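Below is one structure; the comments refer to it alone.
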Amino acid sequence: MTADPKTIAAGHIWTFPGGIHPPERKELSNTYPLRELPLATHYSVPIKQHSGEPGDIIVRVGQTVLAGQPLTQVGVGFGLPVHAPTSGTVTAIGPGRIAHPSGLPDIVITITADGKDTFAPPLPIQDVATASRADLLEQLRQAGIAGLGGAGFPTAQKLALQRPLDYLIINGVECEPYISADDRLMREQASTILRGADLLLDITQCPQALIAIEDNKPEAIAAMQAALTDYPRMQLRVVPTKYPSGGEKQLIQLLTGRQVPSRGLPIDIGLVMHNVGTAYAVARAIDHGEPLLQRVVTVTGEHVAKPGNYWVRLGTPVEHVLQVTRYTAETNQRVIMGGPMMGFTLPDLTVPVVKITNCILVPSTAELAPPQQEMPCIRCGACADVCPAQLLPQQLQWLAKAKDYDGLNQQNLFDCIECGACAYVCPSEIPLVHYYRKAKAEVRNIAREKAKAEVARKRFEARNERLEREKAERLERHRKAAEARKQAQAEAVKAGADNPQDAVQAAIARAKARKAAQLKEQQANSEPDGEST
Amino acid sequence: MSVLTAILVFGGLALLFGLILGFAAVRFKVESDPIVDQIDAILPQTQCGQCGYPGCRPYAQAIANGDAINKCPPGGDATIKELADLMGVEAKPLDSAHGAEDVKKVAVIREDECIGCTKCIQACPVDAILGAAKHMHTVIAHECTGCDLCVEPCPVDCIDMVPVPTKPETWQWDLQQIPVKMVATADQES
């Protein structure tokens, strides 16, 4: 399906299959302006907040750090550093809670704030007009910028791919219910976002950008439209409200009519997408040398007294966020990180806010019912109707339960974007996405085990080869030593020395002579006896 | 006369085919048995020898020669099922004479107790132990297959087999297993 470039340029909006219209509930939080969250007393900064390898820790326990000072540095590979969110002392480095649905610990750097919030000098700022592409990418890497839309992919790494591009898409769709972080950011920081988008265009050497916003955010659309007059390379696209329009593949389909190939990347079809929050962070990092220290987090739900959008320093414990926003907990209160569709329930409130945390949701049981008892699938097919990736959720569910990994591959499990639309419409309350995530984790695990087994096999074979070789070498050495000894003897004999062989012969001769003498003596002794008889 | 023709024709054909087959046998000679490679690829490469053979490849060879497919405890039921599919035989439960399926483990040397005898280094089938005579040894954890073979030779019993910890990257989405502590009620209000 290749769309005519003219149709794209004319602003045609395509559609994507499936999708749902859940209650939006954005009015809970989007009416309040962005506010700074008061500083917490301590911060726990997980060293891995992006997808990829963590950096190496470069601070010690007891060291004082300034806000914005890097705590890790990236070695080889695709790491990103993390930075101290405020000034204070490093009080612990070790396993701690991270923002992960498993609740499993990972390495966390704990910083006790000194309350002064002294900033480290900003990263060196290059003259943007003359800076090379590599310098700008390095600046973004040192600033620790990861995709703030959800996946947390290192931005510099995404930008480093050099392929011909048609469009840069700036994603301000924010289709998940409750969340309004991007909405508020667009309303209040439209020009900085567009400045970031402009920088992204320069870095990717892409001719033009599309700014996509869902039509349920009229204020954001107006703000961006006003700011766009300064940026002729960009166009605004308003897309109809539907979940999940903000998904990367779905938005690409909406704006360009193109489909990202299975297991492919948008860059394969000449597109690259960044979130509005990322564009903002890029502008701050390049123009002001600011590392990524804070992000906008929507704090919402009926059990929060002061909902809204806050600038939260990365590493702030959720507990602090909720205390400031005055939450009230009911029995078995759930706190969800992320939205109601794709978020996960927190194991406890010590979990820190990280680069990919866009929302903290404290719902009442009435507004968001806890998961119900799973009932058998009635094969109604509602899930297949809403699947934006045109998969067969029901079929995938059977296969996942049967652990039929070949079948899951045939049904393109890995094209599932885990949007949760299927689970939302399921009348039997089957947690479908849960099954897919589990199956995906198992498939990945099997692949990992296979790779590990392959390494073990190679090492085993290499070892056997080495043992064989060593044995052969040993035998060869022995043979050579024996030969050398023989040769040395022969030479010694030639030189006139005693032949050890002669000595042996002599010894044998002596022994023989002695034996003969003994025999003679015996005979001699016995003879007189014979004579006597 | 016709008998002679027939004999000549068939004799000639036999000779021709014999030559073709003989040529093919030399030209397309297969160095190793491909089925052994396929079986070897399924086996977990722990090289633990619990099957009674000195490593996974020898066991693969034995299976190709008709040995039972249920002697591999580290592979467990999943491996047996795959082997059964490949070999076209019935999947059997794991032969308990060779051990039971266990969680994945990794060897850890209690380093302050190690006397540096190098016995474990010699026992390790994948060269995953590092050290030298009279110096402390250590296990390269990500190369260790958890085969258990280093535990027995250690004269001071300083090697432990520790289950591999689950990391967030390897977590299997067992939502039921997480100790989700629901956020407490009134006392936590502020």
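FYI, nothing fancy with the structure tokens labels: chains A, B, ... in order, residues from 1 per chain, ligands from 1 as they appear.
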
Show me, as a tab-separated table, the residues of chain A having an atom within 10 Å of chain B, each with the closest atom pair and its distance in Å, using only C-alpha atoms.
residue	atom	partner	partner_atom	distance
A:Ile98	CA	B:Pro168	CA	9.2
A:Ala99	CA	B:Pro168	CA	9.9
A:His100	CA	B:Pro168	CA	7.1
A:Pro101	CA	B:Trp173	CA	8.1
A:Ser102	CA	B:Ile178	CA	6.5
A:Gly103	CA	B:Ile178	CA	6.9
A:Leu104	CA	B:Pro168	CA	6.0
A:Pro105	CA	B:Pro168	CA	7.6
A:Asp106	CA	B:Pro168	CA	7.6
A:Glu319	CA	B:Gln188	CA	9.6
A:Leu322	CA	B:Ser190	CA	9.0
A:Gln323	CA	B:Ser190	CA	6.0
A:Val324	CA	B:Ser190	CA	8.6
A:Thr325	CA	B:Ser190	CA	9.6
A:Arg326	CA	B:Ser190	CA	6.5
A:Tyr327	CA	B:Glu189	CA	6.9
A:Thr328	CA	B:Glu189	CA	5.9
A:Ala329	CA	B:Thr185	CA	5.2
A:Glu330	CA	B:Thr185	CA	5.5
A:Thr331	CA	B:Thr185	CA	5.5
A:Asn332	CA	B:Met182	CA	5.1
A:Gln333	CA	B:Val183	CA	5.4
A:Arg334	CA	B:Met182	CA	6.4
A:Val335	CA	B:Val183	CA	7.4
A:Thr345	CA	B:Val180	CA	8.4
A:Leu346	CA	B:Val180	CA	7.5
A:Pro347	CA	B:Val180	CA	4.6
A:Asp348	CA	B:Lys181	CA	6.0
A:Leu349	CA	B:Val183	CA	7.2
A:His434	CA	B:Trp173	CA	7.4
A:Tyr435	CA	B:Trp173	CA	8.5
A:Tyr436	CA	B:Trp173	CA	9.6
A:Arg437	CA	B:Trp173	CA	6.7
A:Lys438	CA	B:Trp173	CA	5.0
A:Ala439	CA	B:Gln172	CA	8.2
A:Lys440	CA	B:Gln172	CA	8.7
A:Ala441	CA	B:Gln172	CA	5.5
A:Glu442	CA	B:Gln172	CA	6.4
A:Val443	CA	B:Gln172	CA	9.9
A:Arg444	CA	B:Thr170	CA	8.4
A:Asn445	CA	B:Thr170	CA	6.7
A:Arg448	CA	B:Thr170	CA	9.2
A:Glu449	CA	B:Pro44	CA	8.1
A:Lys450	CA	B:Pro44	CA	7.7
A:Lys452	CA	B:Glu143	CA	8.0
A:Ala453	CA	B:Gln45	CA	5.1
A:Glu454	CA	B:Gln45	CA	7.3
A:Val455	CA	B:Glu143	CA	7.9
A:Ala456	CA	B:Gln45	CA	6.0
A:Arg457	CA	B:Gln45	CA	5.6
A:Lys458	CA	B:Val126	CA	8.3
A:Arg459	CA	B:Val126	CA	5.1
A:Phe460	CA	B:Val126	CA	4.7
A:Glu461	CA	B:Val126	CA	8.2
A:Ala462	CA	B:Val126	CA	8.3
A:Arg463	CA	B:Val126	CA	6.6
A:Asn464	CA	B:Pro125	CA	8.4

- Task: Name all residues at most 10 Å from A:Arg35 (count only C-alpha atoms; drop same-chain ones fewer than 2 positions away) and give them as a list of chain:residue names.
- Result: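 Once the adjacent positions are removed, what remains is A:Tyr32, A:Pro33, A:Leu37, A:Pro38, A:Val296, A:Gly308, A:Asn309, A:Tyr310, A:Trp311, A:Val312.
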
Based on DSSP run over this structure's backbone, return all residues of stretch 74-266 of chain A in helix (DSSP H, G or I), as an mmCIF file with C-alpha atoms, in the first residue's frame.
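Contents of the output file states.cif:
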data_model
loop_
_atom_site.group_PDB
_atom_site.id
_atom_site.type_symbol
_atom_site.label_atom_id
_atom_site.label_comp_id
_atom_site.auth_asym_id
_atom_site.auth_seq_id
_atom_site.Cartn_x
_atom_site.Cartn_y
_atom_site.Cartn_z
ATOM 1 C CA ARG A 133 25.641 15.826 13.311
ATOM 2 C CA ALA A 134 27.840 13.527 15.409
ATOM 3 C CA ASP A 135 28.379 16.296 17.993
ATOM 4 C CA LEU A 136 24.658 16.878 18.326
ATOM 5 C CA LEU A 137 23.965 13.157 18.697
ATOM 6 C CA GLU A 138 26.678 12.938 21.359
ATOM 7 C CA GLN A 139 25.081 15.878 23.169
ATOM 8 C CA LEU A 140 21.720 14.069 23.184
ATOM 9 C CA ARG A 141 23.377 10.885 24.412
ATOM 10 C CA GLN A 142 25.190 12.681 27.221
ATOM 11 C CA THR A 155 16.873 9.039 21.019
ATOM 12 C CA ALA A 156 20.431 9.453 19.720
ATOM 13 C CA GLN A 157 20.465 5.820 18.663
ATOM 14 C CA LYS A 158 17.195 6.241 16.790
ATOM 15 C CA LEU A 159 18.533 9.346 15.065
ATOM 16 C CA ALA A 160 21.859 7.736 14.218
ATOM 17 C CA ALA A 181 0.925 15.260 30.010
ATOM 18 C CA ASP A 182 1.651 15.858 26.324
ATOM 19 C CA ASP A 183 -1.523 17.942 26.012
ATOM 20 C CA ARG A 184 -0.424 20.372 28.727
ATOM 21 C CA LEU A 185 3.140 20.466 27.421
ATOM 22 C CA MET A 186 1.877 21.389 23.947
ATOM 23 C CA ARG A 187 -0.380 24.105 25.327
ATOM 24 C CA GLU A 188 2.371 25.717 27.379
ATOM 25 C CA ALA A 190 4.555 24.814 21.933
ATOM 26 C CA SER A 191 7.473 26.869 20.624
ATOM 27 C CA THR A 192 10.112 24.817 22.480
ATOM 28 C CA ILE A 193 8.575 21.599 21.142
ATOM 29 C CA LEU A 194 8.695 22.949 17.620
ATOM 30 C CA ARG A 195 12.261 24.163 18.142
ATOM 31 C CA GLY A 196 13.107 20.566 19.149
ATOM 32 C CA ALA A 197 11.316 19.253 16.081
ATOM 33 C CA ASP A 198 13.316 21.695 13.950
ATOM 34 C CA LEU A 199 16.563 20.386 15.468
ATOM 35 C CA LEU A 200 15.404 16.826 14.838
ATOM 36 C CA LEU A 201 14.783 17.727 11.202
ATOM 37 C CA ASP A 202 18.330 19.078 10.922
ATOM 38 C CA ILE A 203 19.871 16.050 12.608
ATOM 39 C CA THR A 204 17.972 13.539 10.496
ATOM 40 C CA PRO A 218 -8.451 21.919 20.802
ATOM 41 C CA GLU A 219 -6.308 24.146 23.051
ATOM 42 C CA ALA A 220 -3.151 22.243 22.216
ATOM 43 C CA ILE A 221 -4.013 22.378 18.527
ATOM 44 C CA ALA A 222 -4.520 26.148 18.735
ATOM 45 C CA ALA A 223 -1.247 26.671 20.625
ATOM 46 C CA MET A 224 0.769 24.580 18.211
ATOM 47 C CA GLN A 225 -0.910 26.175 15.208
ATOM 48 C CA ALA A 226 0.049 29.612 16.486
ATOM 49 C CA ALA A 227 3.655 28.582 17.055
ATOM 50 C CA LEU A 228 3.905 26.860 13.680
ATOM 51 C CA THR A 229 3.976 30.161 11.782
ATOM 52 C CA ASP A 230 7.724 30.341 12.542
ATOM 53 C CA GLU A 248 3.578 4.421 16.202
ATOM 54 C CA LYS A 249 2.375 2.098 13.462
ATOM 55 C CA GLN A 250 -1.225 3.318 13.709
ATOM 56 C CA LEU A 251 -0.292 6.983 13.489
ATOM 57 C CA ILE A 252 1.913 6.300 10.477
ATOM 58 C CA GLN A 253 -1.018 4.623 8.807
ATOM 59 C CA LEU A 254 -3.275 7.552 9.677
ATOM 60 C CA LEU A 255 -0.946 10.224 8.332
ATOM 61 C CA THR A 256 0.676 8.546 5.345
ATOM 62 C CA PRO A 266 9.252 3.117 10.397
#

- Query: Expressed in Å to a single decimal, how great is the separation between atom CA of A:Ala120 and atom CA of A:Val65?
  - Reply: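 These atoms are spaced 8.4 Å apart.
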
- Message: What's the separation between atom CA of A:Glu465 and atom CA of B:Ala123, in Å to one decimal place?
- Response: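 Answer for the atom CA of A:Glu465 to atom CA of B:Ala123 separation: 15.3 Å.
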